[in-house]
2 protein chains.
Amino acid sequence: MDALTAYKKHLAETAKLSSAQALLNWDQQTHMPRKALAFRSQVSGALSKMIFERSVSDELGRYLEELEKRENLTDEERGSVHRVGKNYRRRKAVPPEFVEEVAIARSSAQAAWAEAKEASDYSLFEPHLEKMVGYARRLADYIGYEDHPYDTLLEDYEPGMTCAELRGIIEPLRQELLPFLERLLRDGAKPESSPFVGSFDIDVQRRLAHRALEVIGYDFAAGGLDDVVHPFTITIGTGDVRVTNRYVENHLGPGLFAALHEGGHALYNQGMRESLLPLGLSRGASNGIHESQSRLIENQIGRSRPFWTFFQPVLAEYFPQFSSVAPDALHAAANIVSPSLIRVEADEVTYNFHIMLRFEIEMGLLDGSIAVTDLPSLWNETIERYLGVVPPDDAQGCLQDVHWSMGAFGYFPSYMLGNLYAAQLLTAIRKEIPTLDDQVASGDFGTLLAWLRREVHDVGAIYEPKELIERITGETLDPSHFIAYVSEKYSEIYKL
Amino acid sequence: MDALTAYKKHLAETAKLSSAQALLNWDQQTHMPRKALAFRSQVSGALSKMIFERSVSDELGRYLEELEKRENLTDEERGSVHRVGKNYRRRKAVPPEFVEEVAIARSSAQAAWAEAKEASDYSLFEPHLEKMVGYARRLADYIGYEDHPYDTLLEDYEPGMTCAELRGIIEPLRQELLPFLERLLRDGAKPESSPFVGSFDIDVQRRLAHRALEVIGYDFAAGGLDDVVHPFTITIGTGDVRVTNRYVENHLGPGLFAALHEGGHALYNQGMRESLLPLGLSRGASNGIHESQSRLIENQIGRSRPFWTFFQPVLAEYFPQFSSVAPDALHAAANIVSPSLIRVEADEVTYNFHIMLRFEIEMGLLDGSIAVTDLPSLWNETIERYLGVVPPDDAQGCLQDVHWSMGAFGYFPSYMLGNLYAAQLLTAIRKEIPTLDDQVASGDFGTLLAWLRREVHDVGAIYEPKELIERITGETLDPSHFIAYVSEKYSEIYKL
């Protein structure tokens, strides 16, 4: 069999196992009963092992070796060989004993983190974090890097991105946004949050979320909406991209905006051409690009004035009390800027500061310029400097996120990059669709979705984020789009 | 590695794949979106192939060969080696090309059956049925048999059962029940069905089904209840036995009794000791024994007078109109005998005649004494002779069931055997628990469930049905228990 045919066959078989694995994961968080956990872990473990072994098999190595020399590959095939090959080499560089050791340590670290957070006692987590940082350094050493050990960790989440580039992106962002935030809080007119606060039947909220997903173009014949504790979106297979959500009885915001957020992720996954799934290219160009799609729908569209012009009467169909609330009041209430301690609750203006804080700390931990023991004080000082708030305890400070206990260093920047990509894409969209606001105000999301499909969704992970963003917008990632977007939007809402 | 250890490891790995496969099946009928079907079929196919290959692997063959010689095995181990070994040899006896040929023919036959049933045109299905009968004969030839080709097909559903034995069971059943049914219809006082007819909110019915499952002892922490078109129960893994159900808006019966029926299956699966799953012994002793557990809960308990004494006020909590209906009226309405054309809608008295009809036809088709082309007329004559009803068309006659289009000859007797086993078990239960009726009338199902667990559920498929029923009741399967149960119960309800 020709190497290309054999390669595709190998990946297609892996894709089937990955689909079963995805279903196991989805089920575990949606429908699986409590007592099923122990055996389910074994089932997931068995499938993960099979998938892992296929990703580092000698057979695959031989196909890659031959295909990496070929010149007559299509873009899809080249993208696949590039991504799969990189993954193959990165995994082969790490000894299996090390992987196993980390997996065991990770379980303990996660348990210790949960306990430490519960008790708000950093000392319970500190020795585990020390270990996880050590593993992250060793991982970077195994795989190798040129400049900073953090660069090679970033690669898993944002291929091609480096510390140096991130610094270059963050610096102007900080310089522009810090004084803007200060001015906003000092001189601005803070809107009322009251419209979204009250008592909202969960089942009606669920139907509203369903409607919101339909409105933006999510295809329920190729998906579904289920309840979970932490919302996520997952591709289970071709024609099967599922959204999950959660609702808060006394606040309409979390359930509605999470639905739009996950809907943005889901549109990306539903929009990828079918041929990418069996080529290992259906996870999106990067975590940052994926996040750009969710943020674009949730924030740039879902928290825009035109959206609320359209959505206020829709909302009133579900909760009649909104029939007398002005769209402008809902738009304002959806955009309150409020420096807070917790990243996941942060607004568009303050969100990126939460990421800057984590990025600085992660870099320092990796290169040894920050000691694990100094983390709580450093965290508290930095967040006060950025946002003027001081955590009353470490549970609301450096213990708030699960990521480090999992050894996931390098993940956080994706969240910020998502915001920046989204703003840059929106600039490009506005150029091509000058009537975007009118369309959104009339509930027509078709042209927008067609643009996203054509430019972003369809090609999936064929191109790395750098190449993709340049192909679409004609320029490299530039934070000025986000700065302009935020300044303009919030100056208006806050009447600066 | 010792052969026994290696054997157990081999089966435990297969059990994990089977668990993933079970989840794929459950999901396909509960949550999977429409557009996922094509790819899902590939995923299921890949897993099925892996599971099949493990069940006929040379490795497994070697372990079996050694273990079948061993004398110092536990009951569990012996049961496993016996069942797995039989399955191994039966599968090895059939050429892979044949399996593939049948699979392809089955797809066409199922499609043709659906079309034929829709159009009520037997001629569309006839050539396909001819083929499926031919395959069933060839399958019997490959595997081998002593007396009748049907014997070896029965083995898949009711291990150890033969045509000759079935005839010996059916004959007294027919001789007793036919005149009883005649007398019942002629001289009996038919109860009113009206209490269960009306308009019943589906969501409230769903909550009622949930309550009914809780009442009988189904453990929701190790399961769940979902909506489907055709209810079923499935073991996804240890601690994970899920029930599915459907509801009819204008009749309370189908949703409630199907929940009790599936609940009976689910109690069986939840009650098996954990060690059986990785030994391939967690599917129950046979289809007939499994069906005995569902029928016992649905009919012998769920349609009993004591049950309705307890359940009438429970029902009234969900549908207040029942607070003024006497338990006796509900009990009577749940036990209306009405000869009908459709097996799945049949009552306890007429049900077995539907099976006798199919058993006679299947045997005849297999040994050539019945021609495929004569099926419709033969069907219509026989059902008229048994039940006095004449199908107006073949859709309501010989085309009503899907089984034959799937090549599943030998399955139907399980349904009848379930009724007979259930009655025989109930006789044994009443001996050991003389206060059963009082317990049920007060909503206490604990002693009953403990008995079923100890005698039936716990041992799963360790013993074949013949051995199991003798171990429990001290005698071989005897239809007189069912005859006595039916005569007594319906003589009273029908005031004979």
# chains A, B, ... in the order shown; residues from 1 in each chain; ligands from 1
>>> closest_atom_pairs(of="chain B", to="chain A", cutoff="7 Å", atoms="only C-alpha atoms", output="JSON lines")
{"residue": "B:Lys16", "atom": "CA", "partner": "A:Val43", "partner_atom": "CA", "distance": 4.9}
{"residue": "B:Ala20", "atom": "CA", "partner": "A:Ala20", "partner_atom": "CA", "distance": 6.6}
{"residue": "B:Pro33", "atom": "CA", "partner": "A:Ala222", "partner_atom": "CA", "distance": 5.2}
{"residue": "B:Arg34", "atom": "CA", "partner": "A:Ala221", "partner_atom": "CA", "distance": 5.5}
{"residue": "B:Lys35", "atom": "CA", "partner": "A:Gly239", "partner_atom": "CA", "distance": 4.8}
{"residue": "B:Ala36", "atom": "CA", "partner": "A:Gly239", "partner_atom": "CA", "distance": 4.4}
{"residue": "B:Phe39", "atom": "CA", "partner": "A:Thr238", "partner_atom": "CA", "distance": 5.9}
{"residue": "B:Val43", "atom": "CA", "partner": "A:Lys16", "partner_atom": "CA", "distance": 4.9}
{"residue": "B:Ala221", "atom": "CA", "partner": "A:Pro33", "partner_atom": "CA", "distance": 5.3}
{"residue": "B:Ala222", "atom": "CA", "partner": "A:Lys35", "partner_atom": "CA", "distance": 5.1}
{"residue": "B:Gly223", "atom": "CA", "partner": "A:Pro33", "partner_atom": "CA", "distance": 5.5}
{"residue": "B:Gly224", "atom": "CA", "partner": "A:Pro33", "partner_atom": "CA", "distance": 6.9}
{"residue": "B:Gly237", "atom": "CA", "partner": "A:Phe39", "partner_atom": "CA", "distance": 6.6}
{"residue": "B:Thr238", "atom": "CA", "partner": "A:Phe39", "partner_atom": "CA", "distance": 5.8}
{"residue": "B:Gly239", "atom": "CA", "partner": "A:Ala36", "partner_atom": "CA", "distance": 4.4}
{"residue": "B:Asp240", "atom": "CA", "partner": "A:Ala36", "partner_atom": "CA", "distance": 5.2}
>>> write_last_selection(atoms="C-alpha atoms", output="PDB file, in the first residue's frame")
ATOM      1  CA  LYS B  16     -13.507  -2.538  28.609  1.00  0.00           C
ATOM      2  CA  ALA B  20     -17.297   1.537  25.222  1.00  0.00           C
ATOM      3  CA  PRO B  33     -27.960  13.578  16.697  1.00  0.00           C
ATOM      4  CA  ARG B  34     -29.312  12.478  13.329  1.00  0.00           C
ATOM      5  CA  LYS B  35     -26.327  13.593  11.261  1.00  0.00           C
ATOM      6  CA  ALA B  36     -23.906  11.538  13.347  1.00  0.00           C
ATOM      7  CA  PHE B  39     -19.613   8.087  11.172  1.00  0.00           C
ATOM      8  CA  VAL B  43     -16.931   3.750  15.054  1.00  0.00           C
ATOM      9  CA  ALA B 221     -26.630   6.154  41.581  1.00  0.00           C
ATOM     10  CA  ALA B 222     -25.670   3.247  39.320  1.00  0.00           C
ATOM     11  CA  GLY B 223     -27.944   4.021  36.398  1.00  0.00           C
ATOM     12  CA  GLY B 224     -30.288   6.465  34.727  1.00  0.00           C
ATOM     13  CA  GLY B 237     -20.173  -1.123  32.919  1.00  0.00           C
ATOM     14  CA  THR B 238     -19.744  -1.839  36.590  1.00  0.00           C
ATOM     15  CA  GLY B 239     -22.040   0.516  38.500  1.00  0.00           C
ATOM     16  CA  ASP B 240     -23.758   1.616  35.308  1.00  0.00           C
TER      17      ASP B 240
END
>>> select_by_dssp(residues="region 144-367 of chain B", states="alpha helix (DSSP H)", output="PyMOL selection string")
chain B and resi 149-154+163-187+202-216+252-271+287-295+305-318+327-333+348-367
>>> select_by_dssp(residues="region 239-477 of chain B", states="strand (DSSP E)", output="PyMOL selection string")
chain B and resi 240-245
>>> atom_distance(atom1="CA of Pro392 (chain B)", atom2="CA of Pro376 (chain B)")
11.3 Å
>>> closest_residue(among="A:Ala332, A:Ile143, A:Leu153, A:Ile170", to="Pro306 (chain A)", atoms="only C-alpha atoms")
A:Ala332
>>> closest_residue(among="A:Trp404, A:Phe307, A:Phe180, A:Tyr218", to="His265 (chain A)", atoms="only C-alpha atoms")
A:Tyr218
>>> closest_residue(among="A:Met132, A:Ile462, A:Val402, A:Val372", to="Val344 (chain A)", atoms="only C-alpha atoms")
A:Val402
>>> atom_distance(atom1="CA of Gly253 (chain B)", atom2="CA of Ser304 (chain B)")
14.2 Å
>>> closest_residue(among="B:Ala371, B:Leu399, B:Leu448, B:Thr473", to="Ala112 (chain B)", atoms="only C-alpha atoms")
B:Leu399
>>> residues_around(residues="region 181-196 of chain A", least_positions_apart="5", cutoff="9 Å", atoms="only C-alpha atoms", output="list of chain:residue names")
A:Glu176, A:Asn250, A:His251, A:Leu252, A:Gly253, A:Phe322, A:Val325, A:Ala329, A:Leu330, A:Ala332, A:Ala333, A:Ala334, A:Asn335, A:Ile336, A:Val337, A:Ser338, A:Val349, A:Thr350, A:Leu387, A:Tyr490, A:Ser491, A:Ile493, A:Tyr494, A:Lys495, A:Leu496
>>> residues_around(residues="region 255-259 of chain A", least_positions_apart="3", cutoff="7 Å", atoms="only C-alpha atoms", output="CSV table (one decimal) with C-alpha atoms, in the first residue's frame")
chain,number,residue,atom,x,y,z
A,209,ALA,CA,-30.0,28.8,25.7
A,213,LEU,CA,-27.8,28.5,19.9
A,245,ASN,CA,-24.1,24.4,29.8
A,246,ARG,CA,-25.1,25.2,33.4
A,247,TYR,CA,-27.6,27.7,34.8
A,248,VAL,CA,-27.8,29.9,37.8
A,252,LEU,CA,-29.6,35.1,33.8
A,262,GLU,CA,-19.8,27.4,23.9
A,263,GLY,CA,-21.9,28.0,20.8
A,298,GLU,CA,-20.1,35.6,23.3
>>> residues_around(residues="Leu449 (chain B)", least_positions_apart="4", cutoff="9 Å", atoms="only C-alpha atoms", output="list in words")
Ile216, Gly217, Leu267, Phe445, Arg453 and Arg454 of chain B
>>> write_last_selection(atoms="C-alpha atoms", output="short mmCIF file (atom, residue, chain, number, x, y, z; two decimals), in the first residue's frame")
data_model
loop_
_atom_site.label_atom_id
_atom_site.label_comp_id
_atom_site.auth_asym_id
_atom_site.auth_seq_id
_atom_site.Cartn_x
_atom_site.Cartn_y
_atom_site.Cartn_z
CA ILE B 216 -38.78 -1.51 43.27
CA GLY B 217 -35.20 -0.90 44.35
CA LEU B 267 -32.44 -5.11 38.90
CA PHE B 445 -40.00 -4.76 48.12
CA ARG B 453 -30.46 -11.08 44.33
CA ARG B 454 -29.38 -14.10 46.32
#
>>> residues_around(residues="Leu276 (chain A)", least_positions_apart="5", cutoff="12 Å", atoms="only C-alpha atoms", output="list in words")
Lys8, Leu11, Ala12, Ala15, Asp75, Glu76, Glu77, Arg78, Gly79, Ser80, Gly237, Thr238, Asn269, Gln270, Gly271, Leu281, Ser282, Arg283, Gly284, Ala285, His457, Asp458, Val459, Gly460, Ala461, Ile462 and Tyr463 of chain A
